[in-house]
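Worksheet for the structure shown next.
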Amino acid sequence: MKIPPSSKRRIGDHQFCNTIGGYEFDQTVTNHLTVGIPNAQEDQEGSYSCHYTSSSPVRYENCSLTLTTVTSFCNISSVVETEPASLTCTFNIDVSATKNNFSLVRIGGADSKGVDIVTCTWLKDQLKCTTAPGYEVNNTVTDRLVIRVPRASRDHTGTYACHVNGSKASGFQSCEFILKPVTSFCNISSIKETEPASLTCTFNVDVNATKNNLSLVRLGGDESKGVDIVTCTWLQDQLKCTTAPGYEVNNLVTDHLVIRVLRASRDHTGTYVCHVTGSSMDGFKSCDFILIPDVPAAVLTVAIAVLVFIPVSLVIIFLVFKCKQRKEEDKNPTKQVRSVETPLIPPEVLSKEEVRSDLALYLFIKNNIKI
C-alpha cells in the first residue's frame, strides 16, 4: 500500500487537502476526486485506494499504477576525423508529450556512471538543453532527438546512451562512436640518376583541416622503424616541416603533400611511407623509389657498332654471292645458249631476211643470258 498522496480534513464548512511531492490536487471533491501525477516516476508505481471516514464498514477497491518501461537506442555513423557527425536518440515514447527530462550520457571515463553530454529539462512546456563543448542540439524532440558533432575528433569517441530520467538504465541500448582510420599511399616515378624527382603523399583526410602532424619515413636501414625523411608539425595553425638533406617540401598540405628530390642519387633509393602521427601503420601503403640504370658510354658504343655491323655484313655476303654466281654464268655461256638454240639451217637455203632475223634472235638471247 502506498503512502496516501493526499489527505483531507474539514474545519467548519471548509476543507483542506494536503498532497505529498509528485502529486497534484485541485481541491475539488464531488462524488469523485482526481489526483494528478505530472511526471510519473518509478517510485510512484504501486497500488492506490480512496478512503473516507464513515461509521459503517466501507469496501475499498485498489487500483494500480504501472509504468511502461521506457526504452531507447542510439545510432551514430563512423566518420573520418574533422568531418561532421550526428548521433540520433530514438525512444519508444513521444518525449514531447510525456515531458520527461532526458540526457545523452557518454559511458566510462573517470566517472563510473558516465558523463552527461546533453541534458534536457522541461521548464513548463519549453525544452531547455545544455551541451558539452563540441556538441549541438536544436531543443526539438519527439520520439527522436538528433545531436550534432560539427567537427569529429578523438575527444568525441566512446560509448553513448540516451537516458530518460526516472527510468531503468537497463532499457537503454548504447552505441559506439568510432573514427575511421586515417590511410595514405605514396607515389614516385623511377628516373635516371642525377635527374630531379617528386614523391607525392595522398591521404584520405584533409590534413590541413585535421591539423595532424605527419612524416615521410624511409623504411629499413639501421632503424627498424625507419628513418624520418620529412617531419611536419603544426604550430599555431602553421605547418612547419624539416627535411633530410637532398629533399625539399613547401609546407603546403591538403589531402596530399609533395616532396621534391632535386638531384636523385642512390642515397635516395628505398621504400617510403607517408605516416600521420598517432595513426596505425597498417593504413599506410608504401612505395619504392628506384633509379633507372645508366648504360656506360663504352657499352653503348659497342651496342651501336654491333647493330650497324650485322646488316652491313649481310649486305656484303649477299653481294659476294651474286658476283660469284655471275662469274660462273660467264664461264659457261654456251650451255645456256644450246638449251634454247634451234637447229641451224644451211645458209644457202635461207634468204637474206631470214638470216638477219636469226642473227638478231641469237644476239638477243646471248645478251640476256649475260645479264
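Note on naming: chains are A, B, ... as they come in the C-alpha cells, residues start from 1 per chain, ligands start from 1 in the order shown.
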Worksheet entry | Nearby residues (only C-alpha atoms) at most 12 Å from Leu199 of chain A, same-chain spacing under 2 positions excluded, as an NGL selection string | :A and (185-191 or 196-197 or 201-202 or 216-218 or 229-230 or 247-249 or 256-262 or 264 or 268-269 or 271-274 or 286-290)
Just-selected residues, N, CA and C atoms written as a short mmCIF file (atom, residue, chain, number, x, y, z; two decimals), in the first residue's frame:
data_model
loop_
_atom_site.label_atom_id
_atom_site.label_comp_id
_atom_site.auth_asym_id
_atom_site.auth_seq_id
_atom_site.Cartn_x
_atom_site.Cartn_y
_atom_site.Cartn_z
N PHE A 185 48.67 6.65 -49.21
CA PHE A 185 49.57 5.93 -50.11
C PHE A 185 50.50 6.95 -50.73
N CYS A 186 51.63 6.48 -51.25
CA CYS A 186 52.60 7.39 -51.86
C CYS A 186 52.91 6.94 -53.27
N ASN A 187 53.45 7.85 -54.05
CA ASN A 187 53.74 7.56 -55.45
C ASN A 187 55.00 8.32 -55.87
N ILE A 188 55.91 7.61 -56.55
CA ILE A 188 57.11 8.25 -57.09
C ILE A 188 57.54 7.47 -58.33
N SER A 189 57.88 8.20 -59.39
CA SER A 189 58.28 7.57 -60.64
C SER A 189 59.78 7.25 -60.62
N SER A 190 60.14 6.16 -61.30
CA SER A 190 61.55 5.81 -61.43
C SER A 190 62.21 6.75 -62.45
N ILE A 191 63.40 7.23 -62.13
CA ILE A 191 64.12 8.16 -63.01
C ILE A 191 65.58 7.77 -63.06
N PRO A 196 65.90 15.29 -61.41
CA PRO A 196 65.00 15.64 -60.30
C PRO A 196 63.81 14.68 -60.24
N ALA A 197 63.26 14.52 -59.03
CA ALA A 197 62.11 13.63 -58.84
C ALA A 197 61.18 14.24 -57.80
N CYS A 201 52.54 12.19 -51.33
CA CYS A 201 51.76 11.51 -50.30
C CYS A 201 50.29 11.89 -50.48
N THR A 202 49.39 10.91 -50.51
CA THR A 202 47.95 11.17 -50.64
C THR A 202 47.24 10.55 -49.44
N LEU A 216 57.27 11.68 -43.55
CA LEU A 216 57.64 10.75 -44.62
C LEU A 216 58.77 9.91 -44.08
N VAL A 217 58.57 8.60 -44.08
CA VAL A 217 59.53 7.68 -43.47
C VAL A 217 60.12 6.78 -44.55
N ARG A 218 61.44 6.61 -44.52
CA ARG A 218 62.08 5.62 -45.39
C ARG A 218 62.34 4.38 -44.55
N ILE A 229 62.36 11.15 -43.03
CA ILE A 229 62.94 11.97 -44.09
C ILE A 229 62.34 13.37 -44.05
N VAL A 230 61.03 13.45 -43.84
CA VAL A 230 60.34 14.74 -43.69
C VAL A 230 59.46 14.65 -42.44
N TYR A 247 66.23 16.68 -49.86
CA TYR A 247 64.78 16.69 -50.01
C TYR A 247 64.27 18.11 -49.76
N GLU A 248 63.13 18.44 -50.39
CA GLU A 248 62.50 19.76 -50.19
C GLU A 248 60.99 19.60 -50.11
N VAL A 249 60.35 20.47 -49.31
CA VAL A 249 58.89 20.50 -49.22
C VAL A 249 58.48 21.95 -48.99
N HIS A 256 47.02 15.91 -49.89
CA HIS A 256 48.27 15.39 -50.43
C HIS A 256 49.42 16.34 -50.12
N LEU A 257 50.61 15.77 -50.12
CA LEU A 257 51.83 16.53 -49.84
C LEU A 257 52.88 16.09 -50.86
N VAL A 258 53.57 17.08 -51.46
CA VAL A 258 54.59 16.79 -52.48
C VAL A 258 55.97 17.06 -51.90
N ILE A 259 56.82 16.03 -51.98
CA ILE A 259 58.21 16.15 -51.53
C ILE A 259 59.10 16.06 -52.77
N ARG A 260 60.00 17.01 -52.93
CA ARG A 260 60.86 17.05 -54.11
C ARG A 260 62.27 16.53 -53.79
N VAL A 261 62.83 15.84 -54.77
CA VAL A 261 64.24 15.41 -54.72
C VAL A 261 64.94 16.14 -55.86
N LEU A 262 65.82 17.07 -55.52
CA LEU A 262 66.42 17.94 -56.54
C LEU A 262 67.35 17.18 -57.48
N ALA A 264 68.45 13.20 -57.93
CA ALA A 264 68.31 11.83 -57.45
C ALA A 264 69.66 11.11 -57.45
N HIS A 268 68.97 8.09 -52.29
CA HIS A 268 67.53 8.34 -52.18
C HIS A 268 66.69 7.09 -52.43
N THR A 269 67.29 6.04 -52.96
CA THR A 269 66.50 4.85 -53.28
C THR A 269 66.05 4.16 -52.00
N THR A 271 62.33 2.22 -49.83
CA THR A 271 60.88 2.12 -49.64
C THR A 271 60.41 3.22 -48.71
N TYR A 272 59.43 3.98 -49.16
CA TYR A 272 58.91 5.13 -48.40
C TYR A 272 57.46 4.89 -47.98
N VAL A 273 57.07 5.55 -46.90
CA VAL A 273 55.67 5.52 -46.45
C VAL A 273 55.33 6.87 -45.83
N CYS A 274 54.10 7.33 -46.10
CA CYS A 274 53.61 8.60 -45.55
C CYS A 274 52.81 8.29 -44.29
N SER A 286 53.06 1.70 -48.81
CA SER A 286 54.39 2.19 -49.16
C SER A 286 54.59 2.27 -50.67
N CYS A 287 55.70 2.90 -51.08
CA CYS A 287 56.09 2.97 -52.48
C CYS A 287 57.61 2.89 -52.56
N ASP A 288 58.13 2.40 -53.68
CA ASP A 288 59.57 2.20 -53.87
C ASP A 288 60.12 3.23 -54.85
N PHE A 289 61.25 3.79 -54.47
CA PHE A 289 61.96 4.72 -55.35
C PHE A 289 63.15 3.97 -55.95
N ILE A 290 63.10 3.79 -57.27
CA ILE A 290 64.12 3.01 -57.98
C ILE A 290 64.74 3.88 -59.06
#
Practice prompt. Name the residues of segment 57-199 of chain A that come out as strand (DSSP E) in a backbone DSSP run; write them as a PyMOL selection string.
Written response: chain A and resi 63-65+72-76+79-80+85-91+102-107+115-123+126-131+144-149+158-164+172-173+175-177+179-180+184-188+191-192+197-199
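With only C-alpha atoms taken into account, the protein and nucleic acid residues at most 7 Å from Val95 of chain A (excluding it and anything under 6 positions from it in its own chain) are Val141, Thr142 and Asp143 of chain A.
Using only C-alpha atoms, the contacts of Cys241 of chain A at a cut-off of 10 Å, with sequence neighbours closer than 6 positions omitted, comprise Asn213, Leu214, Ser215, Val230, Thr231, Cys232, Thr233, Trp234, Glu248, Val249, Asn250, Asn251 and Leu252 of chain A.
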I need the residues from that last selection saved to file as a PDB file, in the first residue's frame (with N, CA, C and O atoms), if you can.
ATOM      1  N   ASN A 213      49.896  16.054 -37.251  1.00  0.00           N
ATOM      2  CA  ASN A 213      51.305  16.027 -37.599  1.00  0.00           C
ATOM      3  C   ASN A 213      51.562  14.827 -38.505  1.00  0.00           C
ATOM      4  O   ASN A 213      50.878  13.804 -38.402  1.00  0.00           O
ATOM      5  N   LEU A 214      52.542  14.953 -39.398  1.00  0.00           N
ATOM      6  CA  LEU A 214      52.784  13.871 -40.351  1.00  0.00           C
ATOM      7  C   LEU A 214      54.270  13.779 -40.664  1.00  0.00           C
ATOM      8  O   LEU A 214      55.047  14.687 -40.357  1.00  0.00           O
ATOM      9  N   SER A 215      54.640  12.682 -41.312  1.00  0.00           N
ATOM     10  CA  SER A 215      56.039  12.478 -41.667  1.00  0.00           C
ATOM     11  C   SER A 215      56.149  11.553 -42.865  1.00  0.00           C
ATOM     12  O   SER A 215      55.231  10.785 -43.159  1.00  0.00           O
ATOM     13  N   VAL A 230      61.033  13.452 -43.839  1.00  0.00           N
ATOM     14  CA  VAL A 230      60.335  14.743 -43.688  1.00  0.00           C
ATOM     15  C   VAL A 230      59.464  14.655 -42.443  1.00  0.00           C
ATOM     16  O   VAL A 230      58.741  13.673 -42.252  1.00  0.00           O
ATOM     17  N   THR A 231      59.534  15.654 -41.595  1.00  0.00           N
ATOM     18  CA  THR A 231      58.697  15.717 -40.392  1.00  0.00           C
ATOM     19  C   THR A 231      57.971  17.056 -40.377  1.00  0.00           C
ATOM     20  O   THR A 231      58.618  18.111 -40.405  1.00  0.00           O
ATOM     21  N   CYS A 232      56.621  16.998 -40.344  1.00  0.00           N
ATOM     22  CA  CYS A 232      55.808  18.226 -40.376  1.00  0.00           C
ATOM     23  C   CYS A 232      54.975  18.327 -39.105  1.00  0.00           C
ATOM     24  O   CYS A 232      54.270  17.375 -38.739  1.00  0.00           O
ATOM     25  N   THR A 233      55.043  19.480 -38.449  1.00  0.00           N
ATOM     26  CA  THR A 233      54.357  19.712 -37.181  1.00  0.00           C
ATOM     27  C   THR A 233      53.558  21.001 -37.261  1.00  0.00           C
ATOM     28  O   THR A 233      54.028  21.999 -37.827  1.00  0.00           O
ATOM     29  N   TRP A 234      52.344  20.991 -36.685  1.00  0.00           N
ATOM     30  CA  TRP A 234      51.501  22.197 -36.650  1.00  0.00           C
ATOM     31  C   TRP A 234      51.845  23.019 -35.420  1.00  0.00           C
ATOM     32  O   TRP A 234      51.797  22.534 -34.293  1.00  0.00           O
ATOM     33  N   GLU A 248      63.128  18.444 -50.392  1.00  0.00           N
ATOM     34  CA  GLU A 248      62.504  19.761 -50.191  1.00  0.00           C
ATOM     35  C   GLU A 248      60.995  19.603 -50.113  1.00  0.00           C
ATOM     36  O   GLU A 248      60.414  18.741 -50.770  1.00  0.00           O
ATOM     37  N   VAL A 249      60.346  20.468 -49.312  1.00  0.00           N
ATOM     38  CA  VAL A 249      58.891  20.500 -49.218  1.00  0.00           C
ATOM     39  C   VAL A 249      58.483  21.949 -48.988  1.00  0.00           C
ATOM     40  O   VAL A 249      59.220  22.722 -48.367  1.00  0.00           O
ATOM     41  N   ASN A 250      57.298  22.338 -49.510  1.00  0.00           N
ATOM     42  CA  ASN A 250      56.924  23.754 -49.471  1.00  0.00           C
ATOM     43  C   ASN A 250      55.963  24.109 -48.335  1.00  0.00           C
ATOM     44  O   ASN A 250      55.346  25.185 -48.348  1.00  0.00           O
ATOM     45  N   ASN A 251      55.804  23.199 -47.346  1.00  0.00           N
ATOM     46  CA  ASN A 251      54.949  23.459 -46.163  1.00  0.00           C
ATOM     47  C   ASN A 251      53.475  23.664 -46.508  1.00  0.00           C
ATOM     48  O   ASN A 251      52.737  24.261 -45.725  1.00  0.00           O
ATOM     49  N   LEU A 252      53.037  23.200 -47.667  1.00  0.00           N
ATOM     50  CA  LEU A 252      51.621  23.272 -48.041  1.00  0.00           C
ATOM     51  C   LEU A 252      51.070  21.855 -48.139  1.00  0.00           C
ATOM     52  O   LEU A 252      51.634  21.001 -48.815  1.00  0.00           O
TER      53      LEU A 252
END
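If only C-alpha atoms are the atoms counted, then among A:Thr28, A:Thr82, A:Ser103, A:Ser72 the closest residue to His156 of chain A is A:Thr82.
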Discussion item. Can you tell me which residues surround Pro84 of chain A at a distance of at most 9 Å, considering only C-alpha atoms, apart from same-chain residues fewer than 6 positions away, and format the answer as an MDAnalysis selection string?
Written reply: chainID A and resid 148:152
Worksheet entry | Which residue of A:Ala244, A:Val70, A:Cys323, A:Cys175 approaches Thr98 of chain A most closely, using only C-alpha atoms | A:Val70
